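Engineer: A single structure is presented below for examination.
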Number of protein chains: 4
Amino acid sequence: MKIIADLCVIPLGIGVSVSAEIAVCERILHEAGLKTSLHAYGTNIEGEWDEVFAAVKRCHEALHAQGVPRISSNMRFGTRIDREQNMEDKVRSVEEKLQER
Amino acid sequence: MKIIADLCVIPLGIGVSVSAEIAVCERILHEAGLKTSLHAYGTNIEGEWDEVFAAVKRCHEALHAQGVPRISSNMRFGTRIDREQNMEDKVRSVEEKLQER
Amino acid sequence: MKIIADLCVIPLGIGVSVSAEIAVCERILHEAGLKTSLHAYGTNIEGEWDEVFAAVKRCHEALHAQGVPRISSNMRFGTRIDREQNMEDKVRSVEEKLQER
Amino acid sequence: MKIIADLCVIPLGIGVSVSAEIAVCERILHEAGLKTSLHAYGTNIEGEWDEVFAAVKRCHEALHAQGVPRISSNMRFGTRIDREQNMEDKVRSVEEKLQER
């Protein structure tokens, strides 16, 4: 089962700056071979369900292993069986509608 | 790794009423032996990481198997290594602060 | 326009414990006269759109005023025009489906 | 109070395809003069608190006005008082960390 997801990891107890921890997660997602796209409030991820969630688990494990005491993540994830769709399709589909007017 | 999570499953393409599909997910979470608490905009879930996400996957699989064409879920999930905490602790901790004033 | 919402406020830069800050938000929501229900990963809120979001804004303002440097909230909010529905209806509707089997 | 947000609008009761409705929201956000960036699972938004949430309200109102019976949105929104930050800063900050290794 393929999913398109969007992950936002929020490390707590390490101060206001969290970009180093987000970078750790980005590396883990890339090393997992997942298609990703970083944006200003999370990361788009496309892949097989098990691979995506295994990588998300490694993100939490890696941050805790380097001392982050608490993590509160939030994630959107979508699956569909009516047709195949990738991340680019989703954006393109909206952009086409925007140009129609 | 234990997590406390909150899951909101949104089935698409089946009309405005989605309570029957949420009930299917509730049964799956209960059958997985997870501690859960249904509220007006999701379900609190407490358990081991792998068991929680395996059950969430079964929710998507079960809804698709009964014909739901598309699902867009969103989920919060927290882990911590500084101390143990369960769902009741989290609520009690806030309620204690509310009574202090 | 009435909404049913679920708010999760995450204060950053104040350490791992955030229950005192959540309690501040709870008081603000109550003082706004909104119907709320605290759970283990957020707070259900029911009310008029403008009143709900005005109260959420006051939560951010109050936490910053007491020194919280950064806040990352996430919120679900639903509106519908097909029929009236309150927080209890949503839970009851799922529970009825659970008892049907 | 400035916020950086990420909005995901999910129209219910109109079938599986929702890109036309997302395009309506995109137009509303642009017409509001907000800085936005569409991605595969939502839209980044940067602006003043009141302007951002007024535009989000217009998205719900516009979709209901054209017949969408139910909408379930979810949104992340962050505020900070320790320093100024825009959407590009957030992405750049992570990318710099990724190149450090």
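FYI, nothing fancy with the structure tokens labels: chains A, B, ... in order, residues from 1 per chain, ligands from 1 as they appear.
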Check every residue of chain B for an atom within 6 Å of chain A, counting only C-alpha atoms, and provide those that qualify as JSON, numbers by chain.

Structural biologist: {"B": [69, 70, 71, 72, 73, 74, 75, 76, 77, 78, 79, 80, 81, 82]}

Engineer: As an MDAnalysis selection string, please: every residue in chain A that DSSP puts in strand (DSSP E or B).

Structural biologist: chainID A and resid 2:12 35:39 42:48 70:80

Engineer: Could you name the residues that touch A:Arg92 at 12 Å or less, counting only C-alpha atoms, but leaving out those on the same chain fewer than 5 positions away, as a PyMOL selection string?

Structural biologist: (chain A and resi 85-87+97-99) or (chain D and resi 19-20+22-23+38-40)

Engineer: Residues of chain B classed as helix (DSSP H, G or I) by DSSP on the backbone are to be reported as a PyMOL selection string.

Structural biologist: chain B and resi 19-31+49-65+87-100
